[in-house]
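Asks: What follows is model.cif, mmCIF, C-alpha atoms and all ligand atoms; chains and numbers go by the auth columns.
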data_entry
#
loop_
_atom_site.group_PDB
_atom_site.id
_atom_site.type_symbol
_atom_site.label_atom_id
_atom_site.label_comp_id
_atom_site.label_asym_id
_atom_site.label_seq_id
_atom_site.Cartn_x
_atom_site.Cartn_y
_atom_site.Cartn_z
_atom_site.B_iso_or_equiv
_atom_site.auth_seq_id
_atom_site.auth_asym_id
ATOM 1 C CA MET A 1 123.237 152.678 99.419 0.00 1282 K
ATOM 2 C CA SER A 2 120.438 152.482 96.917 0.00 1283 K
ATOM 3 C CA SER A 3 118.618 149.411 95.818 0.00 1284 K
ATOM 4 C CA ILE A 4 118.670 148.970 92.032 0.00 1285 K
ATOM 5 C CA LEU A 5 116.497 145.857 92.122 0.00 1286 K
ATOM 6 C CA ARG A 6 113.847 145.066 94.702 0.00 1287 K
ATOM 7 C CA VAL A 7 111.863 141.865 94.367 0.00 1288 K
ATOM 8 C CA GLN A 8 108.888 141.530 96.724 0.00 1289 K
ATOM 9 C CA ASN A 9 106.812 138.381 97.193 0.00 1290 K
ATOM 10 C CA LEU A 10 107.150 137.484 93.547 0.00 1291 K
ATOM 11 C CA THR A 11 104.986 134.609 92.355 0.00 1292 K
ATOM 12 C CA LYS A 12 104.545 133.229 88.849 0.00 1293 K
ATOM 13 C CA SER A 13 102.027 130.546 87.999 0.00 1294 K
ATOM 14 C CA TYR A 14 100.899 128.981 84.758 0.00 1295 K
ATOM 15 C CA GLN A 15 97.483 127.500 84.175 0.00 1296 K
ATOM 16 C CA SER A 16 97.581 124.141 82.462 0.00 1297 K
ATOM 17 C CA GLY A 17 94.109 122.693 82.012 0.00 1298 K
ATOM 18 C CA ASN A 18 92.512 122.932 85.442 0.00 1299 K
ATOM 19 C CA ARG A 19 95.855 122.693 87.247 0.00 1300 K
ATOM 20 C CA THR A 20 97.914 125.644 88.446 0.00 1301 K
ATOM 21 C CA LEU A 21 101.668 125.201 88.119 0.00 1302 K
ATOM 22 C CA THR A 22 103.536 127.569 90.441 0.00 1303 K
ATOM 23 C CA VAL A 23 107.071 128.037 89.094 0.00 1304 K
ATOM 24 C CA LEU A 24 108.074 130.889 91.424 0.00 1305 K
ATOM 25 C CA ASP A 25 106.689 131.064 94.910 0.00 1306 K
ATOM 26 C CA ASN A 26 106.903 134.200 97.018 0.00 1307 K
ATOM 27 C CA VAL A 27 110.477 135.206 96.158 0.00 1308 K
ATOM 28 C CA SER A 28 111.926 138.346 97.774 0.00 1309 K
ATOM 29 C CA PHE A 29 115.382 139.938 97.697 0.00 1310 K
ATOM 30 C CA ASP A 30 117.090 143.290 97.261 0.00 1311 K
ATOM 31 C CA VAL A 31 120.158 144.088 95.168 0.00 1312 K
ATOM 32 C CA GLN A 32 122.236 147.233 95.729 0.00 1313 K
ATOM 33 C CA ALA A 33 123.618 149.216 92.792 0.00 1314 K
ATOM 34 C CA GLY A 34 127.059 147.926 91.804 0.00 1315 K
ATOM 35 C CA ASP A 35 126.602 144.534 93.470 0.00 1316 K
ATOM 36 C CA THR A 36 127.416 141.220 91.840 0.00 1317 K
ATOM 37 C CA PHE A 37 124.893 138.499 92.494 0.00 1318 K
ATOM 38 C CA SER A 38 124.303 134.880 91.408 0.00 1319 K
ATOM 39 C CA ILE A 39 121.194 132.771 91.192 0.00 1320 K
ATOM 40 C CA VAL A 40 121.834 129.037 91.302 0.00 1321 K
ATOM 41 C CA GLY A 41 119.568 125.985 91.465 0.00 1322 K
ATOM 42 C CA PRO A 42 118.612 122.820 89.624 0.00 1323 K
ATOM 43 C CA SER A 43 117.201 122.741 86.097 0.00 1324 K
ATOM 44 C CA GLY A 44 113.534 123.736 86.118 0.00 1325 K
ATOM 45 C CA SER A 45 113.755 125.524 89.489 0.00 1326 K
ATOM 46 C CA GLY A 46 112.628 128.862 88.010 0.00 1327 K
ATOM 47 C CA LYS A 47 115.905 130.743 87.420 0.00 1328 K
ATOM 48 C CA THR A 48 115.190 131.907 83.859 0.00 1329 K
ATOM 49 C CA THR A 49 111.627 132.786 84.843 0.00 1330 K
ATOM 50 C CA LEU A 50 112.923 134.885 87.751 0.00 1331 K
ATOM 51 C CA LEU A 51 115.458 136.687 85.573 0.00 1332 K
ATOM 52 C CA GLY A 52 112.796 137.478 82.948 0.00 1333 K
ATOM 53 C CA LEU A 53 110.510 138.974 85.587 0.00 1334 K
ATOM 54 C CA CYS A 54 113.326 141.048 87.119 0.00 1335 K
ATOM 55 C CA ALA A 55 114.217 142.470 83.679 0.00 1336 K
ATOM 56 C CA GLY A 56 110.611 143.284 82.805 0.00 1337 K
ATOM 57 C CA LEU A 57 110.449 140.747 79.948 0.00 1338 K
ATOM 58 C CA ASP A 58 107.509 139.026 81.556 0.00 1339 K
ATOM 59 C CA ARG A 59 104.761 139.802 84.099 0.00 1340 K
ATOM 60 C CA SER A 60 104.358 138.202 87.497 0.00 1341 K
ATOM 61 C CA SER A 61 101.147 136.582 88.772 0.00 1342 K
ATOM 62 C CA SER A 62 101.557 138.519 92.026 0.00 1343 K
ATOM 63 C CA GLY A 63 104.204 140.485 93.876 0.00 1344 K
ATOM 64 C CA SER A 64 106.340 143.353 92.619 0.00 1345 K
ATOM 65 C CA VAL A 65 109.635 144.159 90.954 0.00 1346 K
ATOM 66 C CA PHE A 66 111.180 147.620 91.373 0.00 1347 K
ATOM 67 C CA LEU A 67 113.949 148.260 88.859 0.00 1348 K
ATOM 68 C CA ASN A 68 115.886 151.456 89.519 0.00 1349 K
ATOM 69 C CA GLY A 69 112.899 152.593 91.627 0.00 1350 K
ATOM 70 C CA VAL A 70 110.332 151.946 88.885 0.00 1351 K
ATOM 71 C CA GLN A 71 107.610 149.414 89.676 0.00 1352 K
ATOM 72 C CA LEU A 72 107.586 147.217 86.550 0.00 1353 K
ATOM 73 C CA ASP A 73 104.239 145.540 87.152 0.00 1354 K
ATOM 74 C CA LYS A 74 102.492 148.925 86.911 0.00 1355 K
ATOM 75 C CA LEU A 75 103.863 149.594 83.415 0.00 1356 K
ATOM 76 C CA SER A 76 102.502 148.751 79.966 0.00 1357 K
ATOM 77 C CA GLU A 77 104.438 146.499 77.600 0.00 1358 K
ATOM 78 C CA ASP A 78 105.826 149.547 75.731 0.00 1359 K
ATOM 79 C CA GLU A 79 106.843 151.330 78.918 0.00 1360 K
ATOM 80 C CA ARG A 80 108.670 148.223 80.127 0.00 1361 K
ATOM 81 C CA ALA A 81 110.490 148.000 76.772 0.00 1362 K
ATOM 82 C CA ARG A 82 111.650 151.595 77.228 0.00 1363 K
ATOM 83 C CA VAL A 83 112.930 150.916 80.763 0.00 1364 K
ATOM 84 C CA ARG A 84 114.785 147.854 79.450 0.00 1365 K
ATOM 85 C CA ASN A 85 116.419 149.776 76.632 0.00 1366 K
ATOM 86 C CA GLN A 86 117.461 152.521 79.029 0.00 1367 K
ATOM 87 C CA TYR A 87 118.901 150.502 81.913 0.00 1368 K
ATOM 88 C CA VAL A 88 119.080 146.798 81.152 0.00 1369 K
ATOM 89 C CA GLY A 89 121.422 144.426 79.310 0.00 1370 K
ATOM 90 C CA PHE A 90 120.230 140.849 78.928 0.00 1371 K
ATOM 91 C CA ILE A 91 122.131 137.739 77.850 0.00 1372 K
ATOM 92 C CA PHE A 92 119.624 135.005 77.057 0.00 1373 K
ATOM 93 C CA GLN A 93 120.231 131.324 77.723 0.00 1374 K
ATOM 94 C CA ASN A 94 119.297 130.644 74.083 0.00 1375 K
ATOM 95 C CA PHE A 95 120.965 133.870 72.742 0.00 1376 K
ATOM 96 C CA GLN A 96 117.867 135.204 70.901 0.00 1377 K
ATOM 97 C CA LEU A 97 119.783 136.891 68.133 0.00 1378 K
ATOM 98 C CA MET A 98 117.760 138.175 65.199 0.00 1379 K
ATOM 99 C CA PRO A 99 118.214 135.565 62.450 0.00 1380 K
ATOM 100 C CA THR A 100 117.891 138.028 59.559 0.00 1381 K
ATOM 101 C CA LEU A 101 120.602 140.362 60.898 0.00 1382 K
ATOM 102 C CA THR A 102 124.377 139.903 60.828 0.00 1383 K
ATOM 103 C CA ALA A 103 126.442 139.764 64.014 0.00 1384 K
ATOM 104 C CA LEU A 104 127.327 143.451 63.622 0.00 1385 K
ATOM 105 C CA GLU A 105 123.709 144.468 62.988 0.00 1386 K
ATOM 106 C CA ASN A 106 122.511 142.495 66.010 0.00 1387 K
ATOM 107 C CA VAL A 107 124.907 144.442 68.235 0.00 1388 K
ATOM 108 C CA MET A 108 123.772 147.730 66.645 0.00 1389 K
ATOM 109 C CA VAL A 109 120.046 147.235 67.404 0.00 1390 K
ATOM 110 C CA PRO A 110 119.872 148.490 71.017 0.00 1391 K
ATOM 111 C CA MET A 111 121.964 151.568 70.117 0.00 1392 K
ATOM 112 C CA GLU A 112 119.812 152.324 67.073 0.00 1393 K
ATOM 113 C CA LEU A 113 116.703 152.078 69.243 0.00 1394 K
ATOM 114 C CA ARG A 114 118.212 154.791 71.416 0.00 1395 K
ATOM 115 C CA GLY A 115 118.791 156.949 68.350 0.00 1396 K
ATOM 116 C CA GLU A 116 122.576 157.000 68.779 0.00 1397 K
ATOM 117 C CA LYS A 117 125.044 158.002 66.053 0.00 1398 K
ATOM 118 C CA GLY A 118 128.192 156.155 64.919 0.00 1399 K
ATOM 119 C CA VAL A 119 126.780 152.862 66.082 0.00 1400 K
ATOM 120 C CA ALA A 120 128.547 150.634 63.512 0.00 1401 K
ATOM 121 C CA LYS A 121 131.967 151.699 64.789 0.00 1402 K
ATOM 122 C CA ARG A 122 131.078 151.043 68.416 0.00 1403 K
ATOM 123 C CA ALA A 123 129.379 147.740 67.535 0.00 1404 K
ATOM 124 C CA LEU A 124 132.561 146.598 65.789 0.00 1405 K
ATOM 125 C CA GLU A 125 134.650 147.582 68.827 0.00 1406 K
ATOM 126 C CA LEU A 126 132.361 145.502 71.024 0.00 1407 K
ATOM 127 C CA LEU A 127 132.583 142.515 68.665 0.00 1408 K
ATOM 128 C CA ASP A 128 136.352 142.900 68.722 0.00 1409 K
ATOM 129 C CA ARG A 129 136.328 142.768 72.533 0.00 1410 K
ATOM 130 C CA VAL A 130 134.597 139.394 72.410 0.00 1411 K
ATOM 131 C CA GLY A 131 137.032 138.208 69.709 0.00 1412 K
ATOM 132 C CA LEU A 132 134.563 138.241 66.831 0.00 1413 K
ATOM 133 C CA ALA A 133 135.549 141.172 64.601 0.00 1414 K
ATOM 134 C CA SER A 134 136.252 138.721 61.788 0.00 1415 K
ATOM 135 C CA ARG A 135 132.708 137.331 62.023 0.00 1416 K
ATOM 136 C CA GLN A 136 130.911 140.673 61.842 0.00 1417 K
ATOM 137 C CA HIS A 137 129.090 139.889 58.575 0.00 1418 K
ATOM 138 C CA HIS A 138 128.023 136.382 59.566 0.00 1419 K
ATOM 139 C CA TYR A 139 124.372 135.577 60.244 0.00 1420 K
ATOM 140 C CA PRO A 140 123.508 133.685 63.458 0.00 1421 K
ATOM 141 C CA THR A 141 123.098 130.377 61.551 0.00 1422 K
ATOM 142 C CA GLN A 142 126.699 130.798 60.352 0.00 1423 K
ATOM 143 C CA LEU A 143 128.020 131.088 63.917 0.00 1424 K
ATOM 144 C CA SER A 144 128.761 128.392 66.487 0.00 1425 K
ATOM 145 C CA GLY A 145 126.844 128.318 69.791 0.00 1426 K
ATOM 146 C CA GLY A 146 129.712 129.930 71.698 0.00 1427 K
ATOM 147 C CA GLU A 147 130.082 132.619 69.021 0.00 1428 K
ATOM 148 C CA GLN A 148 126.365 133.416 69.187 0.00 1429 K
ATOM 149 C CA GLN A 149 126.704 133.678 72.954 0.00 1430 K
ATOM 150 C CA ARG A 150 129.524 136.203 72.530 0.00 1431 K
ATOM 151 C CA VAL A 151 127.511 138.279 70.026 0.00 1432 K
ATOM 152 C CA SER A 152 124.705 138.268 72.568 0.00 1433 K
ATOM 153 C CA LEU A 153 127.213 139.511 75.161 0.00 1434 K
ATOM 154 C CA ALA A 154 128.421 142.337 72.889 0.00 1435 K
ATOM 155 C CA ARG A 155 124.790 143.316 72.282 0.00 1436 K
ATOM 156 C CA ALA A 156 124.037 143.309 76.023 0.00 1437 K
ATOM 157 C CA PHE A 157 126.987 145.671 76.620 0.00 1438 K
ATOM 158 C CA SER A 158 126.085 148.015 73.801 0.00 1439 K
ATOM 159 C CA ASN A 159 123.785 150.304 75.738 0.00 1440 K
ATOM 160 C CA LYS A 160 126.114 150.569 78.758 0.00 1441 K
ATOM 161 C CA PRO A 161 123.533 148.953 81.036 0.00 1442 K
ATOM 162 C CA ARG A 162 123.090 149.939 84.687 0.00 1443 K
ATOM 163 C CA ILE A 163 122.196 146.320 85.317 0.00 1444 K
ATOM 164 C CA LEU A 164 123.206 143.226 83.368 0.00 1445 K
ATOM 165 C CA PHE A 165 121.144 140.039 83.586 0.00 1446 K
ATOM 166 C CA ALA A 166 123.034 137.065 82.233 0.00 1447 K
ATOM 167 C CA ASP A 167 121.422 133.633 81.961 0.00 1448 K
ATOM 168 C CA GLU A 168 124.218 131.037 81.878 0.00 1449 K
ATOM 169 C CA PRO A 169 126.631 133.465 80.149 0.00 1450 K
ATOM 170 C CA THR A 170 129.410 130.878 80.006 0.00 1451 K
ATOM 171 C CA GLY A 171 127.205 127.798 79.558 0.00 1452 K
ATOM 172 C CA ASN A 172 128.261 127.085 75.965 0.00 1453 K
ATOM 173 C CA LEU A 173 131.879 128.145 76.060 0.00 1454 K
ATOM 174 C CA ASP A 174 135.188 126.330 76.342 0.00 1455 K
ATOM 175 C CA THR A 175 137.361 127.144 79.347 0.00 1456 K
ATOM 176 C CA GLU A 176 139.501 129.720 77.553 0.00 1457 K
ATOM 177 C CA THR A 177 136.581 131.662 76.033 0.00 1458 K
ATOM 178 C CA SER A 178 134.611 131.310 79.236 0.00 1459 K
ATOM 179 C CA ASP A 179 137.492 132.946 81.165 0.00 1460 K
ATOM 180 C CA LYS A 180 137.508 135.804 78.640 0.00 1461 K
ATOM 181 C CA VAL A 181 133.765 136.348 78.942 0.00 1462 K
ATOM 182 C CA GLU A 182 133.944 136.236 82.747 0.00 1463 K
ATOM 183 C CA LYS A 183 136.708 138.819 82.663 0.00 1464 K
ATOM 184 C CA LEU A 184 134.653 141.108 80.409 0.00 1465 K
ATOM 185 C CA ILE A 185 131.576 140.866 82.608 0.00 1466 K
ATOM 186 C CA PHE A 186 133.480 141.706 85.793 0.00 1467 K
ATOM 187 C CA GLU A 187 135.328 144.529 83.998 0.00 1468 K
ATOM 188 C CA LEU A 188 131.956 146.049 83.139 0.00 1469 K
ATOM 189 C CA ASN A 189 131.054 145.876 86.813 0.00 1470 K
ATOM 190 C CA ARG A 190 134.286 147.583 87.868 0.00 1471 K
ATOM 191 C CA GLU A 191 134.609 150.165 85.073 0.00 1472 K
ATOM 192 C CA GLN A 192 130.982 151.246 84.743 0.00 1473 K
ATOM 193 C CA GLY A 193 129.534 150.163 88.088 0.00 1474 K
ATOM 194 C CA THR A 194 127.144 147.846 86.257 0.00 1475 K
ATOM 195 C CA THR A 195 125.186 145.630 88.627 0.00 1476 K
ATOM 196 C CA LEU A 196 125.596 141.968 87.652 0.00 1477 K
ATOM 197 C CA ILE A 197 122.919 139.344 88.097 0.00 1478 K
ATOM 198 C CA LEU A 198 124.071 135.957 86.862 0.00 1479 K
ATOM 199 C CA VAL A 199 122.284 132.649 86.566 0.00 1480 K
ATOM 200 C CA THR A 200 124.872 129.912 86.485 0.00 1481 K
ATOM 201 C CA HIS A 201 125.519 126.235 87.110 0.00 1482 K
ATOM 202 C CA ASP A 202 129.216 127.071 87.477 0.00 1483 K
ATOM 203 C CA LEU A 203 129.813 127.351 91.209 0.00 1484 K
ATOM 204 C CA ASP A 204 133.327 128.755 90.675 0.00 1485 K
ATOM 205 C CA LEU A 205 131.784 131.644 88.734 0.00 1486 K
ATOM 206 C CA ALA A 206 129.064 132.110 91.372 0.00 1487 K
ATOM 207 C CA ALA A 207 131.736 132.253 94.092 0.00 1488 K
ATOM 208 C CA LYS A 208 133.312 135.247 92.317 0.00 1489 K
ATOM 209 C CA THR A 209 130.139 137.277 92.841 0.00 1490 K
ATOM 210 C CA GLY A 210 129.279 138.851 96.173 0.00 1491 K
ATOM 211 C CA ARG A 211 126.140 136.940 96.965 0.00 1492 K
ATOM 212 C CA ILE A 212 124.456 133.679 96.001 0.00 1493 K
ATOM 213 C CA ILE A 213 120.747 132.931 96.062 0.00 1494 K
ATOM 214 C CA ARG A 214 119.832 129.286 95.707 0.00 1495 K
ATOM 215 C CA ILE A 215 116.378 128.428 94.459 0.00 1496 K
ATOM 216 C CA LYS A 216 114.637 125.080 94.428 0.00 1497 K
ATOM 217 C CA GLY A 217 111.151 124.364 93.175 0.00 1498 K
ATOM 218 C CA GLY A 218 110.519 128.096 92.779 0.00 1499 K
ATOM 219 C CA SER A 219 111.430 129.083 96.359 0.00 1500 K
ATOM 220 C CA VAL A 220 114.572 130.660 97.795 0.00 1501 K
ATOM 221 C CA VAL A 221 116.291 128.052 99.968 0.00 1502 K
ATOM 222 C CA SER A 222 119.381 130.079 100.865 0.00 1503 K
ATOM 223 C CA ASP A 223 120.725 133.587 100.443 0.00 1504 K
ATOM 224 C CA THR A 224 124.388 133.926 101.412 0.00 1505 K
ATOM 225 C CA LEU A 225 127.245 136.350 101.075 0.00 1506 K
ATOM 226 C CA THR A 226 130.263 134.665 99.489 0.00 1507 K
ATOM 227 C CA GLU A 227 133.789 134.464 100.914 0.00 1508 K
ATOM 228 C CA ALA A 228 134.804 137.169 98.437 0.00 1509 K
ATOM 229 C CA VAL A 229 132.556 139.632 100.276 0.00 1510 K
ATOM 230 C CA ARG A 230 132.951 138.330 103.822 0.00 1511 K
ATOM 231 C CA GLN A 231 136.687 138.996 103.639 0.00 1512 K
ATOM 232 C CA GLN A 232 135.980 142.676 102.952 0.00 1513 K
ATOM 233 C CA ILE A 233 133.623 143.126 105.935 0.00 1514 K
HETATM 234 N N1 LIG B . 105.272 129.330 79.410 0.00 1 F
HETATM 235 C C1 LIG B . 105.304 128.348 80.318 0.00 1 F
HETATM 236 N N2 LIG B . 104.202 127.595 80.580 0.00 1 F
HETATM 237 C C2 LIG B . 104.228 126.609 81.491 0.00 1 F
HETATM 238 N N3 LIG B . 105.307 126.286 82.235 0.00 1 F
HETATM 239 C C3 LIG B . 106.428 126.988 82.033 0.00 1 F
HETATM 240 C C4 LIG B . 106.491 128.052 81.058 0.00 1 F
HETATM 241 N N4 LIG B . 107.743 128.576 81.077 0.00 1 F
HETATM 242 C C5 LIG B . 108.429 127.863 82.007 0.00 1 F
HETATM 243 N N5 LIG B . 107.639 126.907 82.576 0.00 1 F
HETATM 244 C C6 LIG B . 108.038 125.943 83.622 0.00 1 F
HETATM 245 O O1 LIG B . 108.603 126.667 84.684 0.00 1 F
HETATM 246 C C7 LIG B . 109.628 125.925 85.329 0.00 1 F
HETATM 247 C C8 LIG B . 110.846 126.822 85.499 0.00 1 F
HETATM 248 O O2 LIG B . 111.435 127.089 84.218 0.00 1 F
HETATM 249 P P1 LIG B . 112.770 127.944 84.062 0.00 1 F
HETATM 250 O O3 LIG B . 113.039 128.058 82.620 0.00 1 F
HETATM 251 O O4 LIG B . 112.619 129.193 84.836 0.00 1 F
HETATM 252 O O5 LIG B . 113.823 126.975 84.781 0.00 1 F
HETATM 253 P P2 LIG B . 115.400 127.152 84.967 0.00 1 F
HETATM 254 O O6 LIG B . 115.673 127.109 86.442 0.00 1 F
HETATM 255 O O7 LIG B . 115.883 128.321 84.212 0.00 1 F
HETATM 256 O O8 LIG B . 115.967 125.802 84.326 0.00 1 F
HETATM 257 P P3 LIG B . 117.321 125.527 83.457 0.00 1 F
HETATM 258 O O9 LIG B . 118.451 125.428 84.455 0.00 1 F
HETATM 259 O O10 LIG B . 117.025 124.182 82.829 0.00 1 F
HETATM 260 O O11 LIG B . 117.488 126.616 82.462 0.00 1 F
HETATM 261 C C9 LIG B . 109.889 124.707 84.454 0.00 1 F
HETATM 262 O O12 LIG B . 109.331 123.575 85.111 0.00 1 F
HETATM 263 C C10 LIG B . 109.147 125.009 83.172 0.00 1 F
HETATM 264 O O13 LIG B . 108.631 123.835 82.599 0.00 1 F
HETATM 265 MG MG MG B . 117.079 128.541 82.532 0.00 2 F
#
Is it possible to express this structure as structure tokens?
Ligand SMILES: Nc1ncnc2c1ncn2[C@@H]1O[C@H](COP(=O)(O)OP(=O)(O)OP(=O)(O)O)[C@@H](O)[C@H]1O
Ligand SMILES: [Mg+2]

Replies:
Amino acid sequence: MSSILRVQNLTKSYQSGNRTLTVLDNVSFDVQAGDTFSIVGPSGSGKTTLLGLCAGLDRSSSGSVFLNGVQLDKLSEDERARVRNQYVGFIFQNFQLMPTLTALENVMVPMELRGEKGVAKRALELLDRVGLASRQHHYPTQLSGGEQQRVSLARAFSNKPRILFADEPTGNLDTETSDKVEKLIFELNREQGTTLILVTHDLDLAAKTGRIIRIKGGSVVSDTLTEAVRQQI
């Protein structure tokens, strides 16, 4: 088995005045390709920070992240952007759609960056899968929170990621839409072998993944295999 994500002694601190605020403290774990994995913990415990470091969106203060064998902390900003576009899908807690682009155009961006052809057709198919074909020409301000979350999901899927990082992917959705989104995410894992790394407050969702890491105050307090996996061993 090969490790698609290796996090070693990861620490992130911010300087505020003459105080150092450590938001992640010496975090280590390994994720195998094709695994499904959840990160849970209270608000402010460092989950979004950890996800951002794992995906190469941010730099650590110390420690290393290896993504698909590439050590992210050794790369420049541009090189990290290339690795992200090649391997990573990311669903942000606050969506981060481009405000000047329509739903369809937002989904097209990662594919255009890769220089692909026929991207509008595929982007529309993806929007259709999240139930938003009829909203393709809407701008983010014309979409509800849950709809923006689903556009963000379609965008994350658009480059067939090896690894999908999803920060509260069902946080803004009603039960029915949330079930649909969950189904889509796990389908991606099964059909394309995409590794899933979810941050969630929904313990039922976490229990559907193979492993749960709980963080508190920036440190890992438990790392357990879920029932779903134990039954297979
Ligand atoms: N740029 C920054 N400068 C200073 N402190 C920061 C910065 N970004 C995040 N923090 C702090 O780091 C801590 C962890 O934030 P993070 O967003 O990772 O939490 P979280 O676990 O995702 O919380 P939530 O469940 O509310 O989304 C918080 O206390 C936050 O205030
Ligand atoms: Mg967060």

Asks: Between CA of Leu1407 in chain K and CA of Met1389 in chain K, what is the distance, to one decimal in Å?

Replies: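 Distance between the two atoms: 9.9 Å.
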
Asks: Pick the closest to Gln1352 in chain K from K:Gln1377, K:Gln1423, K:Thr1383, K:Gln1289: which is it, counting all atoms listed in the file?

Replies: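 Distance minimum relative to Gln1352 in chain K lands on K:Gln1289.
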
Asks: Counting only C-alpha atoms, which residues have an atom no more than 10 Å from (130.5, 142.3, 73.4) in the file's coordinates? Please list them as a list in words.

Replies: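 Checked against the point, the hits come out as Val1388, Ala1404, Leu1405, Glu1406, Leu1407, Leu1408, Asp1409, Arg1410, Val1411, Gly1412, Leu1413, Gln1430, Arg1431, Val1432, Ser1433, Leu1434, Ala1435, Arg1436, Ala1437, Phe1438, Ser1439, Val1462, Leu1465 and Ile1466 of chain K.
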
Asks: I need the output of the PyMOL selection byres (((chain K and resi 1286) around 8) and not hetatm) for this file as a PyMOL selection string; which residues are they?

Replies: chain K and resi 1284-1285+1287-1288+1311-1314+1335+1346-1350

Asks: Nearest to Leu1305 in chain K: which of K:Thr1505, K:Gln1417, K:Thr1458, K:Thr1329 is it, counting only C-alpha atoms?

Replies: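 Result for the nearest residue to Leu1305 in chain K: K:Thr1329.
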
Asks: Per residue of chain K within 10 Å of ligand LIG 1 (chain F), note the shortest atom pair and the distance in Å to one decimal, counting all atoms listed in the file, and order the rows by chain and increasing residue number, as JSON lines.

Replies:
{"residue": "K:Lys1293", "atom": "CA", "partner": "F:LIG1", "partner_atom": "O1", "distance": 8.8}
{"residue": "K:Ser1294", "atom": "CA", "partner": "F:LIG1", "partner_atom": "N3", "distance": 7.9}
{"residue": "K:Tyr1295", "atom": "CA", "partner": "F:LIG1", "partner_atom": "C2", "distance": 5.2}
{"residue": "K:Gln1296", "atom": "CA", "partner": "F:LIG1", "partner_atom": "C2", "distance": 7.3}
{"residue": "K:Ser1297", "atom": "CA", "partner": "F:LIG1", "partner_atom": "C2", "distance": 7.2}
{"residue": "K:Thr1301", "atom": "CA", "partner": "F:LIG1", "partner_atom": "C2", "distance": 9.4}
{"residue": "K:Leu1302", "atom": "CA", "partner": "F:LIG1", "partner_atom": "N3", "distance": 7.0}
{"residue": "K:Thr1303", "atom": "CA", "partner": "F:LIG1", "partner_atom": "O1", "distance": 7.7}
{"residue": "K:Val1304", "atom": "CA", "partner": "F:LIG1", "partner_atom": "O1", "distance": 4.9}
{"residue": "K:Leu1305", "atom": "CA", "partner": "F:LIG1", "partner_atom": "C8", "distance": 7.7}
{"residue": "K:Ile1320", "atom": "CA", "partner": "F:LIG1", "partner_atom": "O6", "distance": 9.2}
{"residue": "K:Val1321", "atom": "CA", "partner": "F:LIG1", "partner_atom": "O6", "distance": 8.1}
{"residue": "K:Gly1322", "atom": "CA", "partner": "F:LIG1", "partner_atom": "O6", "distance": 6.5}
{"residue": "K:Pro1323", "atom": "CA", "partner": "F:LIG1", "partner_atom": "O9", "distance": 5.8}
{"residue": "K:Ser1324", "atom": "CA", "partner": "F:LIG1", "partner_atom": "O9", "distance": 3.4}
{"residue": "K:Gly1325", "atom": "CA", "partner": "F:LIG1", "partner_atom": "O5", "distance": 3.5}
{"residue": "K:Ser1326", "atom": "CA", "partner": "F:LIG1", "partner_atom": "O6", "distance": 3.9}
{"residue": "K:Gly1327", "atom": "CA", "partner": "F:LIG1", "partner_atom": "O4", "distance": 3.2}
{"residue": "K:Lys1328", "atom": "CA", "partner": "F:LIG1", "partner_atom": "O6", "distance": 3.8}
{"residue": "K:Thr1329", "atom": "CA", "partner": "F:LIG1", "partner_atom": "O7", "distance": 3.7}
{"residue": "K:Thr1330", "atom": "CA", "partner": "F:LIG1", "partner_atom": "O4", "distance": 3.7}
{"residue": "K:Leu1331", "atom": "CA", "partner": "F:LIG1", "partner_atom": "O4", "distance": 6.4}
{"residue": "K:Leu1332", "atom": "CA", "partner": "F:LIG1", "partner_atom": "O4", "distance": 8.0}
{"residue": "K:Gly1333", "atom": "CA", "partner": "F:LIG1", "partner_atom": "O4", "distance": 8.5}
{"residue": "K:Gln1374", "atom": "CA", "partner": "F:LIG1", "partner_atom": "O11", "distance": 7.2}
{"residue": "K:Asn1375", "atom": "CA", "partner": "F:LIG1", "partner_atom": "O11", "distance": 9.5}
{"residue": "K:Asp1448", "atom": "CA", "partner": "F:LIG1", "partner_atom": "O7", "distance": 8.0}
{"residue": "K:Glu1449", "atom": "CA", "partner": "F:LIG1", "partner_atom": "O11", "distance": 8.1}
{"residue": "K:Val1480", "atom": "CA", "partner": "F:LIG1", "partner_atom": "O7", "distance": 8.1}
{"residue": "K:Thr1481", "atom": "CA", "partner": "F:LIG1", "partner_atom": "O9", "distance": 8.1}
{"residue": "K:His1482", "atom": "CA", "partner": "F:LIG1", "partner_atom": "O9", "distance": 7.6}
{"residue": "K:Ile1496", "atom": "CA", "partner": "F:LIG1", "partner_atom": "O6", "distance": 8.2}
{"residue": "K:Lys1497", "atom": "CA", "partner": "F:LIG1", "partner_atom": "O6", "distance": 8.3}
{"residue": "K:Gly1498", "atom": "CA", "partner": "F:LIG1", "partner_atom": "C8", "distance": 8.1}
{"residue": "K:Gly1499", "atom": "CA", "partner": "F:LIG1", "partner_atom": "C8", "distance": 7.4}

Asks: Applied to this file, what does the PyMOL selection byres (((chain K and resi 1315) around 10) and not hetatm) return in terms of residues, put as a PyMOL selection string?

Replies: chain K and resi 1282-1285+1312-1314+1316-1318+1443-1444+1470-1471+1473-1477

Asks: Which is closer to Gly1344 in chain K than all the others in K:Leu1486, K:Ile1494, K:Met1392, K:Val1308, using all atoms listed in the file?

Replies: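 Closest to Gly1344 in chain K, using all atoms listed in the file: K:Val1308.
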